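Here is the file data34.pdb (PDB, C-alpha atoms).
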```pdb
ATOM      1  CA  MET A 133     -68.799  46.037 177.513  1.00  0.00           C
ATOM      2  CA  ILE A 134     -67.784  47.229 174.081  1.00  0.00           C
ATOM      3  CA  HIS A 135     -70.008  46.059 171.257  1.00  0.00           C
ATOM      4  CA  SER A 136     -70.321  48.127 168.110  1.00  0.00           C
ATOM      5  CA  SER A 137     -70.256  47.592 164.367  1.00  0.00           C
ATOM      6  CA  LYS A 138     -67.769  50.480 164.049  1.00  0.00           C
ATOM      7  CA  TYR A 139     -65.313  49.197 166.681  1.00  0.00           C
ATOM      8  CA  GLN A 140     -62.634  47.095 164.955  1.00  0.00           C
ATOM      9  CA  PRO A 141     -59.784  46.242 167.336  1.00  0.00           C
ATOM     10  CA  ARG A 142     -56.370  45.125 166.121  1.00  0.00           C
ATOM     11  CA  ILE A 143     -53.698  43.139 167.950  1.00  0.00           C
ATOM     12  CA  TYR A 144     -50.017  44.103 167.696  1.00  0.00           C
ATOM     13  CA  PRO A 145     -47.474  41.497 168.889  1.00  0.00           C
ATOM     14  CA  VAL A 146     -44.735  43.391 170.776  1.00  0.00           C
ATOM     15  CA  ASN A 147     -41.704  41.083 170.570  1.00  0.00           C
ATOM     16  CA  GLY A 148     -42.765  38.585 167.959  1.00  0.00           C
ATOM     17  CA  ASP A 149     -42.485  37.650 164.338  1.00  0.00           C
ATOM     18  CA  GLY A 150     -46.158  38.108 163.450  1.00  0.00           C
ATOM     19  CA  ALA A 151     -47.725  41.129 161.778  1.00  0.00           C
ATOM     20  CA  PRO A 152     -50.605  43.073 163.376  1.00  0.00           C
ATOM     21  CA  VAL A 153     -54.098  41.895 162.395  1.00  0.00           C
ATOM     22  CA  GLU A 154     -57.722  42.766 163.027  1.00  0.00           C
ATOM     23  CA  ILE A 155     -59.316  40.593 165.719  1.00  0.00           C
ATOM     24  CA  ASP A 156     -61.840  38.487 163.814  1.00  0.00           C
ATOM     25  CA  ARG A 157     -65.158  37.224 165.181  1.00  0.00           C
ATOM     26  CA  ALA A 158     -64.851  39.114 168.469  1.00  0.00           C
ATOM     27  CA  GLN A 159     -68.238  39.133 170.176  1.00  0.00           C
ATOM     28  CA  SER A 160     -67.487  41.323 173.166  1.00  0.00           C
ATOM     29  CA  ILE A 161     -64.634  43.087 174.893  1.00  0.00           C
ATOM     30  CA  ASP A 162     -65.020  43.861 178.577  1.00  0.00           C
ATOM     31  CA  PRO A 163     -62.222  46.126 179.871  1.00  0.00           C
ATOM     32  CA  THR A 164     -61.979  46.906 183.592  1.00  0.00           C
ATOM     33  CA  VAL A 165     -59.533  49.332 185.195  1.00  0.00           C
ATOM     34  CA  SER A 166     -58.431  49.178 188.824  1.00  0.00           C
ATOM     35  CA  LEU A 167     -56.360  52.026 190.281  1.00  0.00           C
ATOM     36  CA  ASN A 168     -54.840  49.734 192.939  1.00  0.00           C
ATOM     37  CA  ARG A 169     -54.349  52.170 195.743  1.00  0.00           C
ATOM     38  CA  GLU A 170     -54.544  51.443 199.442  1.00  0.00           C
ATOM     39  CA  LYS A 171     -55.882  53.801 202.138  1.00  0.00           C
ATOM     40  CA  ILE A 172     -53.545  54.829 204.952  1.00  0.00           C
ATOM     41  CA  GLU A 173     -55.359  55.157 208.271  1.00  0.00           C
ATOM     42  CA  GLU A 174     -54.043  55.868 211.756  1.00  0.00           C
ATOM     43  CA  ILE A 175     -55.244  54.617 215.110  1.00  0.00           C
ATOM     44  CA  GLY A 176     -57.211  57.350 216.855  1.00  0.00           C
ATOM     45  CA  ASN A 177     -57.765  59.348 213.656  1.00  0.00           C
ATOM     46  CA  SER A 178     -61.093  59.017 211.865  1.00  0.00           C
ATOM     47  CA  ASP A 179     -59.744  60.609 208.668  1.00  0.00           C
ATOM     48  CA  ILE A 180     -57.833  58.930 205.876  1.00  0.00           C
ATOM     49  CA  VAL A 181     -54.226  60.137 206.112  1.00  0.00           C
ATOM     50  CA  GLY A 182     -53.251  59.296 202.522  1.00  0.00           C
ATOM     51  CA  PHE A 183     -52.942  56.584 199.916  1.00  0.00           C
ATOM     52  CA  VAL A 184     -50.195  54.178 198.861  1.00  0.00           C
ATOM     53  CA  LYS A 185     -50.082  53.982 195.083  1.00  0.00           C
ATOM     54  CA  LYS A 186     -49.503  50.602 193.493  1.00  0.00           C
ATOM     55  CA  SER A 187     -49.334  49.616 189.837  1.00  0.00           C
ATOM     56  CA  PRO A 188     -52.762  49.957 188.260  1.00  0.00           C
ATOM     57  CA  SER A 189     -54.184  46.934 186.486  1.00  0.00           C
ATOM     58  CA  VAL A 190     -56.289  46.764 183.378  1.00  0.00           C
ATOM     59  CA  GLY A 191     -58.275  43.580 182.935  1.00  0.00           C
ATOM     60  CA  TYR A 192     -59.511  42.814 179.475  1.00  0.00           C
ATOM     61  CA  ARG A 193     -61.860  39.940 178.622  1.00  0.00           C
ATOM     62  CA  LEU A 194     -62.339  39.194 174.950  1.00  0.00           C
ATOM     63  CA  THR A 195     -64.937  36.683 173.770  1.00  0.00           C
ATOM     64  CA  GLN A 196     -64.620  35.302 170.265  1.00  0.00           C
ATOM     65  CA  LEU A 197     -66.548  32.721 168.254  1.00  0.00           C
ATOM     66  CA  GLU A 198     -64.460  29.624 167.570  1.00  0.00           C
ATOM     67  CA  TYR A 199     -63.791  29.278 163.874  1.00  0.00           C
ATOM     68  CA  GLY A 200     -60.810  26.936 163.666  1.00  0.00           C
ATOM     69  CA  SER A 201     -58.183  29.607 163.097  1.00  0.00           C
ATOM     70  CA  MET A 202     -54.876  29.751 164.995  1.00  0.00           C
ATOM     71  CA  GLU A 203     -54.267  33.402 164.022  1.00  0.00           C
ATOM     72  CA  PHE A 204     -55.281  35.062 167.328  1.00  0.00           C
ATOM     73  CA  TRP A 205     -53.559  32.330 169.369  1.00  0.00           C
ATOM     74  CA  ARG A 206     -50.289  32.988 167.496  1.00  0.00           C
ATOM     75  CA  LYS A 207     -50.604  36.754 168.042  1.00  0.00           C
ATOM     76  CA  ILE A 208     -51.021  36.509 171.830  1.00  0.00           C
ATOM     77  CA  CYS A 209     -47.968  34.198 171.911  1.00  0.00           C
ATOM     78  CA  ASN A 210     -45.907  36.458 169.587  1.00  0.00           C
ATOM     79  CA  LYS A 211     -45.348  33.597 167.143  1.00  0.00           C
ATOM     80  CA  ALA A 212     -44.767  33.734 163.408  1.00  0.00           C
ATOM     81  CA  ASP A 213     -47.704  33.198 161.058  1.00  0.00           C
ATOM     82  CA  SER A 214     -46.208  29.860 159.956  1.00  0.00           C
ATOM     83  CA  VAL A 215     -46.373  28.304 163.474  1.00  0.00           C
ATOM     84  CA  ASN A 216     -49.035  25.585 163.823  1.00  0.00           C
ATOM     85  CA  THR A 217     -48.352  24.270 167.350  1.00  0.00           C
ATOM     86  CA  LEU A 218     -48.404  26.093 170.685  1.00  0.00           C
ATOM     87  CA  THR A 219     -47.657  24.896 174.231  1.00  0.00           C
ATOM     88  CA  LEU A 220     -48.566  26.422 177.601  1.00  0.00           C
ATOM     89  CA  ASP A 221     -44.998  27.759 177.904  1.00  0.00           C
ATOM     90  CA  ASP A 222     -45.654  29.921 174.822  1.00  0.00           C
ATOM     91  CA  PHE A 223     -48.111  32.010 176.896  1.00  0.00           C
ATOM     92  CA  LYS A 224     -45.655  32.771 179.748  1.00  0.00           C
ATOM     93  CA  THR A 225     -43.921  36.011 178.776  1.00  0.00           C
ATOM     94  CA  PRO A 226     -45.243  37.442 175.467  1.00  0.00           C
ATOM     95  CA  THR A 227     -46.817  40.881 175.457  1.00  0.00           C
ATOM     96  CA  PHE A 228     -48.996  42.510 172.848  1.00  0.00           C
ATOM     97  CA  ASP A 229     -50.974  45.687 172.307  1.00  0.00           C
ATOM     98  CA  ILE A 230     -54.626  45.960 171.362  1.00  0.00           C
ATOM     99  CA  ALA A 231     -55.819  49.182 169.770  1.00  0.00           C
ATOM    100  CA  ALA A 232     -58.906  50.395 167.945  1.00  0.00           C
ATOM    101  CA  PHE A 233     -60.023  53.527 166.162  1.00  0.00           C
ATOM    102  CA  LEU A 234     -62.996  55.186 167.816  1.00  0.00           C
ATOM    103  CA  THR A 235     -65.653  56.532 165.470  1.00  0.00           C
ATOM    104  CA  ASP A 236     -69.162  57.858 165.819  1.00  0.00           C
ATOM    105  CA  ASP A 237     -72.209  56.374 164.046  1.00  0.00           C
ATOM    106  CA  ASP A 238     -71.407  58.391 160.915  1.00  0.00           C
ATOM    107  CA  GLY A 239     -67.885  56.945 160.691  1.00  0.00           C
ATOM    108  CA  THR A 240     -66.170  60.169 161.809  1.00  0.00           C
ATOM    109  CA  PHE A 241     -62.842  59.460 163.527  1.00  0.00           C
ATOM    110  CA  ARG A 242     -62.926  60.448 167.221  1.00  0.00           C
ATOM    111  CA  GLY A 243     -59.732  58.928 168.630  1.00  0.00           C
ATOM    112  CA  THR A 244     -57.807  55.744 169.373  1.00  0.00           C
ATOM    113  CA  LEU A 245     -58.159  53.414 172.341  1.00  0.00           C
ATOM    114  CA  TRP A 246     -54.885  51.627 173.142  1.00  0.00           C
ATOM    115  CA  TYR A 247     -54.168  48.868 175.675  1.00  0.00           C
ATOM    116  CA  PRO A 248     -50.353  48.503 175.690  1.00  0.00           C
ATOM    117  CA  LYS A 249     -48.302  45.542 176.898  1.00  0.00           C
ATOM    118  CA  LEU A 250     -51.124  43.123 177.644  1.00  0.00           C
ATOM    119  CA  ARG A 251     -50.371  39.581 178.794  1.00  0.00           C
ATOM    120  CA  THR A 252     -52.559  36.478 178.731  1.00  0.00           C
ATOM    121  CA  SER A 253     -53.732  35.531 182.223  1.00  0.00           C
ATOM    122  CA  GLY A 254     -56.102  32.766 181.116  1.00  0.00           C
ATOM    123  CA  PHE A 255     -58.463  31.458 178.472  1.00  0.00           C
ATOM    124  CA  SER A 256     -61.504  29.205 178.359  1.00  0.00           C
ATOM    125  CA  PHE A 257     -63.959  27.534 175.994  1.00  0.00           C
ATOM    126  CA  SER A 258     -67.730  27.569 176.361  1.00  0.00           C
ATOM    127  CA  ILE A 259     -69.924  24.950 174.694  1.00  0.00           C
ATOM    128  CA  GLY A 260     -73.624  25.407 175.530  1.00  0.00           C
ATOM    129  CA  ASP A 261     -74.884  22.181 173.963  1.00  0.00           C
ATOM    130  CA  PRO A 262     -73.913  19.792 171.118  1.00  0.00           C
ATOM    131  CA  ASP A 263     -75.442  22.122 168.499  1.00  0.00           C
ATOM    132  CA  ALA A 264     -74.180  25.389 169.999  1.00  0.00           C
ATOM    133  CA  ILE A 265     -71.489  27.634 168.582  1.00  0.00           C
ATOM    134  CA  ILE A 266     -68.291  27.313 170.605  1.00  0.00           C
ATOM    135  CA  GLU A 267     -67.022  30.508 172.221  1.00  0.00           C
ATOM    136  CA  ARG A 268     -63.480  31.084 173.364  1.00  0.00           C
ATOM    137  CA  SER A 269     -62.720  33.719 175.993  1.00  0.00           C
ATOM    138  CA  PHE A 270     -59.365  35.283 176.757  1.00  0.00           C
ATOM    139  CA  ASP A 271     -58.494  37.018 180.020  1.00  0.00           C
ATOM    140  CA  LEU A 272     -55.778  39.594 179.452  1.00  0.00           C
ATOM    141  CA  VAL A 273     -54.069  41.935 181.913  1.00  0.00           C
ATOM    142  CA  GLY A 274     -51.942  45.052 181.593  1.00  0.00           C
ATOM    143  CA  GLU A 275     -51.196  48.263 183.464  1.00  0.00           C
ATOM    144  CA  GLU A 276     -52.483  51.017 181.180  1.00  0.00           C
ATOM    145  CA  ALA A 277     -55.395  52.153 179.055  1.00  0.00           C
ATOM    146  CA  VAL A 278     -54.706  55.137 176.807  1.00  0.00           C
ATOM    147  CA  VAL A 279     -57.237  57.192 174.859  1.00  0.00           C
ATOM    148  CA  TRP A 280     -55.939  59.588 172.208  1.00  0.00           C
TER     149      TRP A 280
END
```

Can you turn what I pasted into structure tokens?
Amino acid sequence: MIHSSKYQPRIYPVNGDGAPVEIDRAQSIDPTVSLNREKIEEIGNSDIVGFVKKSPSVGYRLTQLEYGSMEFWRKICNKADSVNTLTLDDFKTPTFDIAAFLTDDDGTFRGTLWYPKLRTSGFSFSIGDPDAIIERSFDLVGEEAVVW
């Protein structure tokens, strides 16, 4: 889980009309990387013969406090900043990048973490009780994680 006062991720719509923006009110980001490779074994051989490489997957769960803004929703759908209505079809094909500068506790730049061509695989809302703050969570998936 990434949680730091110095970590300020931005979202970059890939094929849309919207400009990149900082992701506001993000509470946590939980990236997971899976190499997606399968062992090749042979009958009568106790050793692994090799591996079949498949496309790796990068899962990315972002939790954000609900604050009544459509900004992040528009960015993951690659819609213009003037759009006020979204449908489920708007989530089908858009891709976007998420990147953040990496700094140490003194604010010294250490690198950039980049998740290119992410897609939305799901989202949910969590309401603990009638007085609780509403959280919205986004499940994103891609094939790469790059650190510069």

Which residues are near region 251-263 of chain A? Cut-off 6 Å, only C-alpha atoms, ignore same chain within fewer than 4 positions. Put them as a ChimeraX atom specification.
/A:227,267-273

Could you list the residues chosen by the PyMOL selection byres ((chain A and resi 144-155) around 6) in this structure as a count of residues only?
12

Would you write out, as a PyMOL selection string, every residue that the PyMOL selection byres ((chain A and resi 245) around 12) captures in this file?
chain A and resi 134+139-142+163+229-235+241-244+246-248+276-280

Return the single residue from A:Ser187, A:Thr240, A:Thr225, A:Gln159 that is closest to Ile208 (chain A), with distances computed using all atoms listed in the file.
A:Thr225

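Picture a line from CA of Gly191 (chain A) to CA of Gly274 (chain A); it runs 6.6 Å.
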